[in-house]
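To start, the structure under review is shown below, and the notes come after it.
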Amino acid sequence: MASFTCPANGDNAPVRGSGSDMSRRQRYESESDVGLSVKSLARLCSRDEEERAASLEELSQGVLARLGHDRPGSAQLSRQTLLHLLRLSRLCPLQEVRGRATELLRTAQEQGVEVPRALASGPSAFIPAKEMLKEVVDQDILIESFLSLGRMDHITMVMAMHPAYLSCFLRTQHALLEMDGPLPRHWIHYIVVMAAARHHCSYLVQQHSAGFLDAGGEESWLSGLKHAPTKLQSLQTLNKLLAHRPWLITQQHIQELVCPGAEPRWSLAELIHAVILMAHAHSLCSFGWGCGINPEPDHIGGYTFQLLSPNHLPRSPHSPQSPAHEDGRQELGDGAVEVEVLMRRMVELQQQEEECTQEEMVTRFERERSESIPTTVVREAPPDLVLRLVEDPEFRYEDFAPKGEQSPPTMRAQDYSWEDHGFSLVNRLLPDMGQLLDEKFQVVSNLTYNRMAMHEGVDTHTLRKALWNYIHCLYGIRYDDYDYGSVNVLLERSLKVFVKTTACHPEQTTARVYHAFWRLFRHSEKVHANLIVMEARLQAALLYTLRAITHYMR
C-alpha cells in the first residue's frame with residue numbers, strides 16, 4: 001500500500017467534545033510518542049519474521065521507557081498509543097503481537113495508567129465470539145489480510161467465514177480506495193463517509209474519516225457537508241437516490257454533473273469512480289448492520305477508560321437479558337421442522353416441469369414486489385458525527401410499487417443487465433474495475449458448501465437464486481425467465497423481513513430480526529445470506545446508474 005495504515009480505523013476519528021480543539025489536543029498527544037504509534041507499529045506488518053520481532057521489541061522498549069519504571073508516576077503514554085495497543089491486543093491475528101500488546105497494557109495499568117477496555121466481546125453483536133472462531137477455519141487469510149493491509153477489522157473477521165469471497169472483496173476494495181485513479185485519495189474516503197452517513201453507519205463513518213485525515217483531508221469537512229468543496233456537495237442528490245431509490249436516477253442527473261455547462265464539472269471517469277464508491281459503501285452498510293458489526297476497539301462506542309461493572313459488561317446475544325433473545329429464538333423442534341419443509345420444497349422445485357405463461361410470470365413478480373413486509377422500528381438517533389454529514393435525512397426507501405400509486409416502470413434484466421451492458425461500461429471508464437466487480441458477483445452467486453443447517457450434500461442453487469432475485473425484485477428489476485412463485489415457496493416471512501430490512505432499511509436491523517430466520521442454520525450461513533444481500537443490492541444500484549450514464553452517452 002502507498003501509505004502505512006496499521007493505526008487504522010479509529011485513528012484521528014471524530015470524537016465527542018469541543019470539536020477541532022479536542023482533535024488538535026489529541027493530535028498533539030499522539031505526536032508526543034509518534035515513534036511508538038507509527039514507526040514501530042508499521043514494521044509489525046512486515047512479512048519478515050525477524051523484522052517483526054525486532055519491531056515488537058522496539059515497541060515494548062518504547063512503551064516501557066515512557067512508563068518510566070525507575071520514575072514511578074511519570075507515565076507519558078498518549079491516548080492514541082493506548083488505543084493502538086488495545087486494537088492490537090484484540091484484533092491482531094499474530095499471536096505474539098496480540099500477546100505482547102496485552103502485556104504492555106497490563107504493565108501500564110500496574111503503573112497507574114488508565115488503560116482503555118473494549119466494550120464488545122467480539123466483532124459481532126449477533127454472533128458469539130466463540131462460535132465465530134469455530135467457523136473461521138482459515139486463519140491464514142486473516143494473517144494475510146493484516147500483513148497486506150496493515151490492519152484487521154471486524155468486517156474482515158466476519159467475512160473470513162467465507163475466505164473465497166473475502167479474497168476478492170479485499171482486492172476490489174483495495175482497488176477502489178488505494179490504487180491510482182481519477183479521484184484523489186482524501187476525496188475517495190470522504191465520498192465513502194458521505195455514503196455511509198445515509199444509513200447512519202457510524203462504523204464506516206469513523207473508519208473512513210480516519211482514512212480521510214490520514215490522506216491529508218481538511219478536518220473542517222467532517223463537521224458538515226457545507227465545508228466540503230462544491231464539487232463534492234453536488235453528489236448529494238445522486239448519493240441519496242443511490243442509497244434509497246436508485247430507480248429514480250435518470251439521464252438528467254448525470255447530465256447535471258458531467259455536461260460542459262455543469263459547474264463544477266465531473267468527468268465520466270471521476271463520476272463512475274464516485275458512483276461505485278457510494279454504492280459500495282451503501283451495500284457495505286447493509287452487511288455491517290445485517291451482521292451486527294460492533295464498533296472497533298478504538299472507535300467511539302468501542303472502548304471505555306472506566307471500570308466495567310457487571311451490570312455494564314457486554315451481553316451475549318444468547319443471554320436471557322439480551323433483546324436479541326426476545327421472540328427471536330423458539331423451540332429447536334420448530335426450527336427442525338422448518339428446515340425439513342425447506343429441503344422438501346427445494347427438491348420439488350428442482351423436479352418441477354410445469355411451465356408458466358409469460359403473463360403468469362409477470363403477475364407473480366408484481367405480487368412479490370407489492371407484498372407488504374413491515375420493517376419499521378424505532379431506533380435511537382444516530383450520533384452527531386453522522387447526522388452532520390446527511391442532507392435531507394427524511395428521504396428514505398419507499399416500496400417500489402406502493403399500493404394505489406403509479407409505480408415507475410420495471411427494469412427488465414433482458415433490456416439492461418450487468419453481463420451485457422454494465423460490465424463493459426465500467427471497464428471502459430474505470431479500467432479493471434468491471435472485472436473486479438464481476439468476479440465478486442460471480443463468487444457470491446456460486447458460493448456453496450453443499451450443506452444446509454444440519455444436512456450435508458445439499459444443492460442450494462435454487463435458494464441462493466431466490467434470495468438474489470427477491471432483492472432485485474425489491475429494487476424493481478425483473479427476470480423474464482424466472483418464476484417468482486419460487487420466492488414465496490422458499491423464503492419464509494421472517495427471512496423476507498430480514499432481507500428487506502438489511503437491503504432497504506439496514507439501519508433498522510435488530511438482533512431479533514437476525515435471530516428470527518433460519519433458526520437452526522449456522523451463523524456462517526446467515527453471513528452468506530448477508531453477502532448475497534450486499535452484492536445483489538450493489539448490482540441493482542449500479543444497473544440503474546449505469547443505464548442513466550449509457551443514455552447520456554448516446
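Lettering and numbering for the C-alpha cells are positional, with chains as A, B, ... in the shown order, residues counted from 1 in each chain, and ligands counted from 1 in the shown order.
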Determine which residues of stretch 371-460 of chain A receive a DSSP assignment of strand (DSSP E), computed from the backbone, and state them as a ChimeraX atom specification.
/A:411-412,451-452,455-456
Residues within 9 Å of A:Ser267, only C-alpha atoms, excluding chain neighbours under 2 positions, as a PyMOL selection string
chain A and resi 182+257-259+265+269-272
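Counting only C-alpha atoms, A:Leu133 has the following residues at most 12 Å away, ignoring those fewer than 6 positions along the same chain: Pro93, Gly122, Pro123, Ser124, Ile127, Gln139, Leu142, Met157, Val158, Met159, Ala160, Met161, His523 and Ser524 of chain A.
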Coordinates-based distance that separates atom CA of A:Thr462 from atom CA of A:Val339 (Å, one decimal):
14.8 Å
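Closest approach to A:Gln414 among A:Arg478, A:Arg428, A:Arg367, A:Arg522: A:Arg478, based on only C-alpha atoms.
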Would you pick out the contacts of stretch 200-206 of chain A at 10 Å or less, using only C-alpha atoms, so that residues sharing its chain but fewer than 6 positions from it are not included, and give the list as a ChimeraX atom specification?
/A:9-15,154-155,189-190,192-194,212,222,281-282,284-286,288-289,293-296,298-302,381-387,389-390,393,506-508
Nearest to A:Ala536, restricted to only C-alpha atoms and choosing among A:Asp480, A:Asp459, A:Glu391, A:Asp438, comes out as A:Asp438
Extract, using only C-alpha atoms, all DNA, RNA and protein residues at most 7 Å from stretch 532-535 of chain A, discarding same-chain residues fewer than 5 positions from it, and format them as a tab-separated table (two decimals) with C-alpha atoms, in the first residue's frame.
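Result written to out-v5.tsv:
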chain	number	residue	atom	x	y	z
A	283	SER	CA	-24.13	-2.08	0.35
A	284	LEU	CA	-21.38	-2.48	2.97
A	286	SER	CA	-26.22	-3.44	4.72
A	287	PHE	CA	-23.60	-6.06	5.61
A	441	PHE	CA	-20.66	-11.06	-8.18
A	444	VAL	CA	-21.04	-14.76	-4.16
A	468	TRP	CA	-30.75	-12.76	-5.25
A	471	ILE	CA	-33.58	-8.46	-3.62
A	499	VAL	CA	-33.71	-9.38	3.67
A	503	ALA	CA	-31.34	-4.34	1.79
Those of stretch 35-266 of chain A in DSSP helix (DSSP H, G or I), formatted as JSON, numbers by chain
{"A": [35, 36, 37, 38, 39, 40, 41, 42, 43, 49, 50, 51, 52, 53, 54, 55, 56, 57, 58, 59, 60, 61, 62, 63, 64, 65, 66, 67, 79, 80, 81, 82, 83, 84, 85, 86, 87, 88, 89, 90, 91, 95, 96, 97, 98, 99, 100, 101, 102, 103, 104, 105, 106, 107, 108, 109, 110, 129, 130, 131, 132, 133, 134, 135, 139, 140, 141, 142, 143, 144, 145, 146, 147, 148, 149, 154, 155, 156, 157, 158, 159, 163, 164, 165, 166, 167, 168, 169, 170, 171, 172, 173, 174, 175, 176, 177, 185, 186, 187, 188, 189, 190, 191, 192, 193, 194, 195, 196, 197, 198, 202, 203, 204, 205, 206, 207, 208, 209, 210, 211, 212, 213, 214, 219, 220, 221, 222, 223, 225, 226, 227, 230, 231, 232, 233, 236, 237, 238, 239, 240, 241, 242, 243, 244, 246, 247, 248, 251, 252, 253, 254, 255, 256, 257, 258]}
Report as a PyMOL selection string all protein, DNA and RNA residues lying within 8 Å of A:Ile373, evaluated on only C-alpha atoms, omitting residues in the same chain fewer than 4 positions from it.
chain A and resi 496-497+500
Would you write out those residues with N, CA and C atoms, as a PDB file, in the first residue's frame?
ATOM      1  N   LYS A 496     -37.840 -12.959   4.693  1.00  0.00           N
ATOM      2  CA  LYS A 496     -38.166 -11.787   3.868  1.00  0.00           C
ATOM      3  C   LYS A 496     -38.038 -10.495   4.675  1.00  0.00           C
ATOM      4  N   VAL A 497     -38.476 -10.533   5.925  1.00  0.00           N
ATOM      5  CA  VAL A 497     -38.349  -9.344   6.783  1.00  0.00           C
ATOM      6  C   VAL A 497     -36.882  -8.979   6.947  1.00  0.00           C
ATOM      7  N   LYS A 500     -35.456  -7.698   3.439  1.00  0.00           N
ATOM      8  CA  LYS A 500     -35.923  -6.362   3.069  1.00  0.00           C
ATOM      9  C   LYS A 500     -35.357  -5.297   4.003  1.00  0.00           C
TER      10      LYS A 500
END
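One distance worth recording is that between atom CA of A:Gly457 and atom CA of A:Phe521, which is 14.9 Å.
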Under the rule that only C-alpha atoms are counted, which of A:Leu490, A:Glu439, A:Phe305, A:Val113 is the nearest residue to A:Gln350?
A:Leu490
